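Next comes model-v1.cif, with mmCIF, C-alpha atoms.
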```cif
data_coords
loop_
_atom_site.label_atom_id
_atom_site.label_comp_id
_atom_site.auth_asym_id
_atom_site.auth_seq_id
_atom_site.Cartn_x
_atom_site.Cartn_y
_atom_site.Cartn_z
CA MET A 1 17.50 -7.17 -21.47
CA SER A 2 19.41 -10.17 -20.13
CA ARG A 3 23.12 -10.99 -19.92
CA PRO A 4 25.37 -13.53 -18.14
CA ALA A 5 26.08 -12.80 -14.49
CA THR A 6 29.52 -11.45 -13.59
CA GLU A 7 31.80 -13.18 -11.09
CA GLU A 8 31.03 -10.46 -8.53
CA GLU A 9 27.28 -10.99 -8.95
CA LEU A 10 27.69 -14.75 -8.68
CA SER A 11 29.76 -14.32 -5.51
CA ILE A 12 26.98 -12.28 -3.90
CA ALA A 13 24.35 -14.83 -4.95
CA ARG A 14 26.36 -17.69 -3.45
CA GLN A 15 26.85 -15.81 -0.19
CA LEU A 16 23.13 -15.06 0.11
CA ARG A 17 21.90 -18.54 -0.86
CA PRO A 18 24.80 -21.01 -0.73
CA ASP A 19 22.28 -23.87 -0.73
CA LEU A 20 21.21 -23.14 -4.33
CA SER A 21 22.90 -23.57 -7.69
CA TRP A 22 23.87 -20.37 -9.51
CA GLU A 23 25.40 -22.09 -12.53
CA ASN A 24 24.68 -20.33 -15.85
CA ALA A 25 22.96 -17.46 -14.04
CA GLY A 26 21.61 -14.60 -16.10
CA VAL A 27 20.90 -11.02 -15.11
CA ASN A 28 17.70 -9.18 -15.99
CA GLU A 29 18.68 -5.52 -16.50
CA GLY A 30 15.15 -4.24 -17.14
CA GLY A 31 14.45 -2.64 -13.76
CA GLN A 32 15.20 1.02 -13.14
CA PHE A 33 16.01 0.60 -9.45
CA HIS A 34 17.29 -3.00 -9.36
CA LYS A 35 18.82 -5.76 -11.44
CA VAL A 36 17.89 -9.39 -10.85
CA VAL A 37 20.09 -12.51 -10.96
CA ILE A 38 18.12 -15.57 -12.12
CA ALA A 39 19.40 -19.15 -12.19
CA ASN A 40 17.04 -21.56 -10.39
CA PRO A 41 13.34 -22.07 -9.60
CA ASP A 42 13.70 -21.26 -5.90
CA SER A 43 15.17 -17.78 -5.48
CA VAL A 44 16.43 -14.80 -7.43
CA ILE A 45 18.87 -12.15 -6.21
CA ARG A 46 17.63 -8.57 -6.23
CA MET A 47 20.51 -6.08 -6.44
CA ALA A 48 20.04 -2.36 -5.87
CA ARG A 49 21.51 -0.10 -8.54
CA THR A 50 21.85 2.98 -6.33
CA ILE A 51 22.36 3.97 -2.70
CA ASP A 52 18.81 5.36 -2.68
CA ALA A 53 17.44 1.98 -3.80
CA THR A 54 19.56 0.32 -1.11
CA GLU A 55 18.09 2.57 1.57
CA GLU A 56 14.58 1.74 0.33
CA MET A 57 15.18 -2.02 0.36
CA PRO A 58 14.11 -2.74 3.98
CA ARG A 59 10.86 -0.81 3.45
CA SER A 60 10.04 -2.58 0.20
CA ILE A 61 10.83 -6.02 1.61
CA LYS A 62 8.52 -5.47 4.58
CA LEU A 63 5.81 -4.18 2.25
CA LEU A 64 6.06 -7.30 0.09
CA GLU A 65 5.68 -9.49 3.16
CA LEU A 66 2.57 -7.61 4.29
CA VAL A 67 0.99 -7.53 0.82
CA SER A 68 1.57 -11.26 0.35
CA ASP A 69 -0.46 -11.87 3.51
CA GLN A 70 -3.52 -10.22 1.96
CA LEU A 71 -3.46 -11.29 -1.70
CA ASP A 72 -3.85 -14.73 -3.28
CA TYR A 73 -1.39 -13.92 -6.08
CA GLN A 74 2.25 -14.90 -5.63
CA ILE A 75 4.30 -11.96 -4.34
CA PRO A 76 8.12 -12.13 -4.13
CA VAL A 77 9.27 -12.21 -0.51
CA ALA A 78 12.76 -12.20 0.99
CA THR A 79 14.49 -15.56 1.48
CA SER A 80 17.68 -14.10 2.98
CA GLN A 81 18.89 -11.11 4.92
CA ILE A 82 20.05 -7.99 3.06
CA GLN A 83 23.76 -7.92 2.30
CA THR A 84 25.61 -4.72 1.40
CA VAL A 85 28.65 -4.72 -0.88
CA ASP A 86 30.28 -1.41 -1.89
CA SER A 87 27.30 0.46 -0.40
CA LEU A 88 24.76 -1.38 -2.58
CA GLY A 89 22.27 -3.83 -1.10
CA SER A 90 21.33 -7.29 -2.35
CA VAL A 91 18.76 -9.78 -1.10
CA ALA A 92 17.47 -13.21 -2.15
CA MET A 93 13.79 -13.22 -3.09
CA SER A 94 11.35 -16.03 -3.87
CA PHE A 95 11.09 -16.92 -7.56
CA ILE A 96 7.76 -16.19 -9.26
CA PRO A 97 7.08 -18.39 -12.32
CA GLY A 98 5.51 -17.16 -15.53
CA SER A 99 6.13 -14.34 -17.97
CA ALA A 100 4.57 -11.13 -19.24
CA HIS A 101 1.21 -11.22 -21.00
CA GLU A 102 1.17 -10.32 -24.68
CA PRO A 103 0.25 -6.63 -24.99
CA HIS A 104 -2.92 -5.11 -26.49
CA TYR A 105 -5.42 -7.69 -25.24
CA GLY A 106 -6.49 -9.53 -22.10
CA ASP A 107 -9.36 -11.14 -20.23
CA PRO A 108 -11.41 -8.34 -18.63
CA LYS A 109 -12.72 -10.72 -15.95
CA ILE A 110 -9.21 -11.51 -14.72
CA LEU A 111 -8.08 -7.89 -14.93
CA GLY A 112 -11.25 -6.64 -13.26
CA LYS A 113 -10.83 -9.14 -10.43
CA LEU A 114 -7.29 -7.85 -9.85
CA VAL A 115 -8.57 -4.28 -9.61
CA SER A 116 -11.20 -5.40 -7.07
CA ASP A 117 -8.70 -7.49 -5.10
CA LEU A 118 -6.33 -4.55 -4.74
CA ALA A 119 -9.17 -2.31 -3.60
CA GLN A 120 -10.00 -4.77 -0.81
CA VAL A 121 -6.50 -4.84 0.70
CA GLU A 122 -6.49 -3.37 4.20
CA LEU A 123 -4.28 -0.28 4.05
CA GLU A 124 -3.60 0.34 7.72
CA PRO A 125 -0.96 -2.39 8.21
CA LEU A 126 0.83 -1.17 5.07
CA ARG A 127 0.79 2.60 5.52
CA GLU A 128 4.26 3.21 6.95
CA HIS A 129 5.80 1.04 4.22
CA LEU A 130 4.01 2.54 1.21
CA ALA A 131 5.49 5.10 -1.15
CA SER A 132 3.87 8.50 -1.52
CA PRO A 133 1.62 9.34 -4.47
CA PHE A 134 3.65 10.70 -7.40
CA ALA A 135 6.77 9.09 -5.86
CA PHE A 136 8.31 8.31 -9.26
CA ARG A 137 8.54 11.83 -10.71
CA GLY A 138 7.24 14.00 -7.90
CA PRO A 139 4.02 16.03 -7.67
CA TRP A 140 2.75 18.33 -10.39
CA THR A 141 4.32 21.63 -9.35
CA ASP A 142 3.46 24.88 -11.12
CA GLU A 143 6.93 24.82 -12.66
CA ARG A 144 6.47 21.34 -14.13
CA GLN A 145 3.06 22.23 -15.52
CA GLN A 146 4.40 25.40 -17.12
CA GLN A 147 7.32 23.56 -18.70
CA CYS A 148 4.94 21.01 -20.25
CA PHE A 149 2.44 23.71 -21.27
CA ASP A 150 5.16 25.61 -23.15
CA ALA A 151 6.25 22.42 -24.97
CA LEU A 152 2.73 21.49 -26.10
CA PRO A 153 1.28 22.55 -29.44
CA GLU A 154 -1.48 25.14 -29.18
CA GLU A 155 -4.28 22.62 -29.72
CA LEU A 156 -3.19 20.52 -26.70
CA ARG A 157 -2.68 23.33 -24.20
CA GLY A 158 -6.36 23.70 -23.34
CA PRO A 159 -6.93 19.96 -22.92
CA ALA A 160 -3.80 19.66 -20.77
CA SER A 161 -4.88 22.53 -18.55
CA SER A 162 -8.27 20.90 -18.04
CA LEU A 163 -6.51 17.74 -16.84
CA TRP A 164 -4.23 19.53 -14.39
CA ALA A 165 -7.32 21.28 -13.05
CA GLN A 166 -8.63 17.86 -11.95
CA LEU A 167 -5.70 17.10 -9.64
CA ASP A 168 -7.21 18.65 -6.51
CA GLU A 169 -10.48 16.75 -6.99
CA LEU A 170 -8.67 13.47 -7.71
CA ALA A 171 -6.70 13.93 -4.48
CA GLN A 172 -9.98 13.79 -2.54
CA VAL A 173 -10.86 10.26 -3.73
CA PRO A 174 -10.80 7.74 -0.84
CA PRO A 175 -7.54 5.84 -1.32
CA SER A 176 -6.90 2.14 -1.69
CA LEU A 177 -3.83 0.11 -2.63
CA VAL A 178 -2.36 1.20 -5.97
CA HIS A 179 0.45 -0.96 -7.32
CA GLY A 180 2.20 1.75 -9.32
CA ASP A 181 3.12 -0.13 -12.51
CA LEU A 182 0.78 -2.97 -13.49
CA ALA A 183 2.34 -3.74 -16.84
CA GLY A 184 4.70 -6.01 -18.74
CA HIS A 185 7.06 -8.13 -16.71
CA ASN A 186 5.66 -6.90 -13.40
CA MET A 187 2.77 -9.32 -13.93
CA HIS A 188 3.55 -13.00 -14.43
CA TRP A 189 1.12 -15.19 -16.35
CA VAL A 190 1.01 -18.94 -17.06
CA ASP A 191 -1.44 -20.09 -19.76
CA GLU A 192 -3.55 -16.91 -19.49
CA GLU A 193 -3.74 -17.24 -15.68
CA LEU A 194 -2.35 -14.40 -13.57
CA ILE A 195 0.13 -16.09 -11.22
CA GLY A 196 2.06 -13.33 -9.51
CA ILE A 197 2.77 -9.61 -9.27
CA LEU A 198 6.25 -8.12 -8.90
CA ASP A 199 7.86 -4.71 -8.34
CA TRP A 200 5.83 -3.00 -5.62
CA ASP A 201 8.37 -0.23 -4.98
CA LEU A 202 5.94 2.51 -6.05
CA ALA A 203 2.86 1.05 -4.34
CA ALA A 204 0.88 3.80 -2.62
CA ALA A 205 -2.43 4.63 -0.95
CA TRP A 206 -3.99 6.44 -3.89
CA ASP A 207 -6.96 6.67 -6.24
CA PRO A 208 -7.87 3.04 -7.13
CA ALA A 209 -8.74 4.16 -10.68
CA LEU A 210 -5.00 4.25 -11.32
CA ASN A 211 -4.86 0.44 -11.29
CA THR A 212 -7.39 0.35 -14.14
CA ALA A 213 -5.39 3.00 -16.01
CA TYR A 214 -2.10 1.09 -15.64
CA LEU A 215 -3.67 -2.16 -16.83
CA SER A 216 -5.26 -0.53 -19.87
CA LEU A 217 -1.94 0.94 -20.96
CA TRP A 218 -0.64 -2.60 -21.45
CA HIS A 219 -3.75 -4.59 -22.31
CA GLY A 220 -5.55 -1.96 -24.41
CA LEU A 221 -7.09 1.43 -23.79
CA GLU A 222 -10.48 0.07 -24.82
CA MET A 223 -10.37 -2.14 -21.70
CA VAL A 224 -11.04 0.71 -19.26
CA ASP A 225 -14.82 0.41 -19.23
CA LEU A 226 -14.60 -3.40 -19.10
CA ILE A 227 -12.33 -3.74 -16.07
CA ALA A 228 -13.21 -0.71 -13.92
CA PRO A 229 -15.64 -1.68 -11.11
CA SER A 230 -17.86 1.37 -11.71
CA PRO A 231 -18.53 4.06 -14.35
CA ASP A 232 -17.10 6.68 -11.99
CA GLU A 233 -13.86 4.76 -11.62
CA ALA A 234 -13.65 4.27 -15.38
CA HIS A 235 -14.16 8.02 -15.80
CA ARG A 236 -11.27 8.80 -13.44
CA ALA A 237 -9.06 6.19 -15.10
CA LYS A 238 -9.50 7.97 -18.44
CA ILE A 239 -8.45 11.26 -16.83
CA TRP A 240 -5.41 9.59 -15.25
CA LEU A 241 -4.41 8.22 -18.67
CA GLY A 242 -4.17 11.79 -19.94
CA LEU A 243 -2.20 12.85 -16.88
CA MET A 244 0.14 9.87 -17.40
CA SER A 245 0.78 11.08 -20.94
CA LEU A 246 1.69 14.49 -19.59
CA GLU A 247 3.98 12.76 -17.07
CA ARG A 248 5.81 11.14 -19.99
CA LEU A 249 6.25 14.52 -21.62
CA SER A 250 7.52 16.03 -18.36
CA ASP A 251 9.97 13.15 -17.94
CA THR A 252 11.24 13.62 -21.49
CA LEU A 253 11.67 17.37 -21.02
CA SER A 254 13.75 16.78 -17.88
CA ARG A 255 16.43 14.97 -19.88
CA THR A 256 19.69 16.73 -20.63
CA ASP A 257 20.33 15.28 -24.10
CA ASN A 258 17.95 17.64 -25.95
CA PRO A 259 15.34 14.96 -26.73
CA LYS A 260 12.99 15.41 -29.66
CA THR A 261 9.37 15.47 -28.58
CA ASP A 262 7.62 15.39 -31.97
CA LYS A 263 7.22 11.60 -32.05
CA LEU A 264 6.10 11.47 -28.41
CA LEU A 265 3.53 14.23 -28.93
CA ARG A 266 2.04 12.39 -31.91
CA LYS A 267 1.55 9.35 -29.64
CA ILE A 268 0.25 11.06 -26.52
CA GLY A 269 -1.72 13.85 -28.18
CA PRO A 270 -4.85 11.72 -28.81
CA ARG A 271 -4.70 10.39 -25.23
CA ILE A 272 -4.60 13.92 -23.82
CA GLU A 273 -7.53 14.96 -26.01
CA ASN A 274 -9.56 11.85 -25.09
CA ALA A 275 -8.90 12.42 -21.40
CA ALA A 276 -9.95 16.06 -21.68
CA GLN A 277 -13.11 14.93 -23.40
CA ALA A 278 -13.79 12.62 -20.44
CA VAL A 279 -13.44 15.64 -18.14
CA GLY A 280 -16.05 17.45 -20.20
CA ASN A 281 -18.43 14.51 -20.03
#
```
For this file, produce the structure as structure tokens.
Amino acid sequence: MSRPATEEELSIARQLRPDLSWENAGVNEGGQFHKVVIANPDSVIRMARTIDATEEMPRSIKLLELVSDQLDYQIPVATSQIQTVDSLGSVAMSFIPGSAHEPHYGDPKILGKLVSDLAQVELEPLREHLASPFAFRGPWTDERQQQCFDALPEELRGPASSLWAQLDELAQVPPSLVHGDLAGHNMHWVDEELIGILDWDLAAAWDPALNTAYLSLWHGLEMVDLIAPSPDEAHRAKIWLGLMSLERLSDTLSRTDNPKTDKLLRKIGPRIENAAQAVGN
């Protein structure tokens, strides 16, 4: 969702990058942690929505710098210092051209290369700047599992339990760099070429099969076997897809507006069953 920038947002942009034009600037409201002011092909302004996001900003900026040193894709890096206004941080970042890929299809060679490239990133320089696994919603506590279990129809309770039972084994997989959300507008394409990757706030040292799982959610679930570097990684990606579906249910159940889960369960039910079948195989 985009809208015109307010005078306050324009004032911050001009203070951070007075050398650039901010005429007719628009604001992308799509991010959960930040909004982005866009007006020129040189820099955008990333504005934290919350104090927590402001506190995380130095870590994420340093991580972007370190990741950009190891990957050939364009990564947004800071082009100004952080400025805080009313306790919320803002920073100018390099502009990454391109737009989101159309969903439900993609070139498995390009997607597979991305999975391999991420797996080859050296973790040690990044470790103190990475998020923790499950940083978005938190780990699967017994309480969260029970809440989801109680909300599931009888036929999905067994499959869900078989997926949660895999968590300890998945935690033993040697970690590599996991982006955290390889989908939609976080990946910028130009003429079917992957140009850049944005939004690394949730990047973690984690099971590399998650990168395959994230990509397949956007480009098509049938892509898993085509882009995973090995059958074992494809197998784990299918299990993670089921766990991601349960994460969506848990997130929905945590809302306070009495959300209806019937529609969601119809969508995620087959994914949970398919993932449980992968466990059995």
Within 6 Å of segment 191-201 of chain A, which residues of segment 31-137 of chain A come that close, and what is the closest atom pair and distance in Å for each? Count all atoms listed in the file and give it as CSV.
```
residue,atom,partner,partner_atom,distance
A:Ser60,CA,A:Asp201,CA,5.9
A:Tyr73,CA,A:Gly196,CA,4.9
A:Gln74,CA,A:Gly196,CA,4.2
A:Ile75,CA,A:Ile197,CA,5.7
```
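Nearest residue to Ala53 of chain A, choosing from A:Val190, A:Arg14, A:Leu202, A:Pro103 and counting all atoms listed in the file: A:Leu202.
Within 10 Å of the point (25.6, 0.3, -6.3) in file coordinates, and counting all atoms listed in the file, lie the residues His34, Met47, Ala48, Arg49, Thr50, Ile51, Asp52, Ala53, Thr54, Thr84, Val85, Asp86, Ser87, Leu88, Gly89 and Ser90 of chain A.
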As a check of understanding, name the residues that the PyMOL selection byres ((chain A and resi 20-29) around 9) selects in the supplied structure, as a count of residues only. 25
Given only C-alpha atoms as the basis, pick out the residue of A:Asp107, A:Asp207, A:Glu155, A:Glu65 nearest to Ala78 of chain A. A:Glu65
Expressed in Å to a single decimal, how great is the separation between atom CA of Leu210 of chain A and atom CA of Pro139 of chain A? 15.3 Å
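Taking only C-alpha atoms into account, Leu246 of chain A lies nearest to A:Pro159 out of the set A:Pro174, A:Pro159, A:Pro58, A:Pro229.
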Could you give me segment 164-183 of chain A completed to N, CA and C atoms, formatted as a compact mmCIF listing (two decimals), in the frame of the given file?
```txt
# COMPACT_ATOMS: atom_id res chain seq x y z
N TRP A 164 -4.90 19.08 -15.62
CA TRP A 164 -4.23 19.53 -14.39
C TRP A 164 -5.24 20.10 -13.40
N ALA A 165 -6.29 20.70 -13.92
CA ALA A 165 -7.32 21.28 -13.05
C ALA A 165 -8.07 20.22 -12.25
N GLN A 166 -7.95 18.96 -12.65
CA GLN A 166 -8.63 17.86 -11.95
C GLN A 166 -7.83 17.32 -10.77
N LEU A 167 -6.57 17.72 -10.63
CA LEU A 167 -5.70 17.10 -9.64
C LEU A 167 -6.22 17.26 -8.21
N ASP A 168 -6.72 18.43 -7.88
CA ASP A 168 -7.21 18.65 -6.51
C ASP A 168 -8.41 17.75 -6.22
N GLU A 169 -9.30 17.61 -7.20
CA GLU A 169 -10.48 16.75 -6.99
C GLU A 169 -10.07 15.29 -6.90
N LEU A 170 -9.13 14.86 -7.75
CA LEU A 170 -8.67 13.47 -7.71
C LEU A 170 -8.01 13.15 -6.37
N ALA A 171 -7.37 14.14 -5.77
CA ALA A 171 -6.70 13.93 -4.48
C ALA A 171 -7.68 13.67 -3.35
N GLN A 172 -8.96 13.99 -3.57
CA GLN A 172 -9.98 13.79 -2.54
C GLN A 172 -10.61 12.40 -2.59
N VAL A 173 -10.28 11.60 -3.60
CA VAL A 173 -10.86 10.26 -3.73
C VAL A 173 -10.36 9.38 -2.58
N PRO A 174 -11.25 8.65 -1.90
CA PRO A 174 -10.80 7.74 -0.84
C PRO A 174 -9.77 6.75 -1.39
N PRO A 175 -8.61 6.65 -0.76
CA PRO A 175 -7.54 5.84 -1.32
C PRO A 175 -7.71 4.35 -1.07
N SER A 176 -7.09 3.56 -1.94
CA SER A 176 -6.90 2.14 -1.69
C SER A 176 -5.53 1.79 -2.25
N LEU A 177 -5.17 0.51 -2.23
CA LEU A 177 -3.83 0.11 -2.63
C LEU A 177 -3.66 0.23 -4.14
N VAL A 178 -2.71 1.03 -4.56
CA VAL A 178 -2.36 1.20 -5.97
C VAL A 178 -0.96 0.64 -6.18
N HIS A 179 -0.83 -0.29 -7.12
CA HIS A 179 0.45 -0.96 -7.32
C HIS A 179 1.54 -0.02 -7.81
N GLY A 180 1.23 0.79 -8.81
CA GLY A 180 2.20 1.75 -9.32
C GLY A 180 2.73 1.45 -10.70
N ASP A 181 2.62 0.20 -11.17
CA ASP A 181 3.12 -0.13 -12.51
C ASP A 181 2.65 -1.52 -12.92
N LEU A 182 1.35 -1.67 -13.12
CA LEU A 182 0.78 -2.97 -13.49
C LEU A 182 0.92 -3.18 -15.00
N ALA A 183 2.10 -3.58 -15.41
CA ALA A 183 2.34 -3.74 -16.84
C ALA A 183 3.50 -4.70 -17.08
```
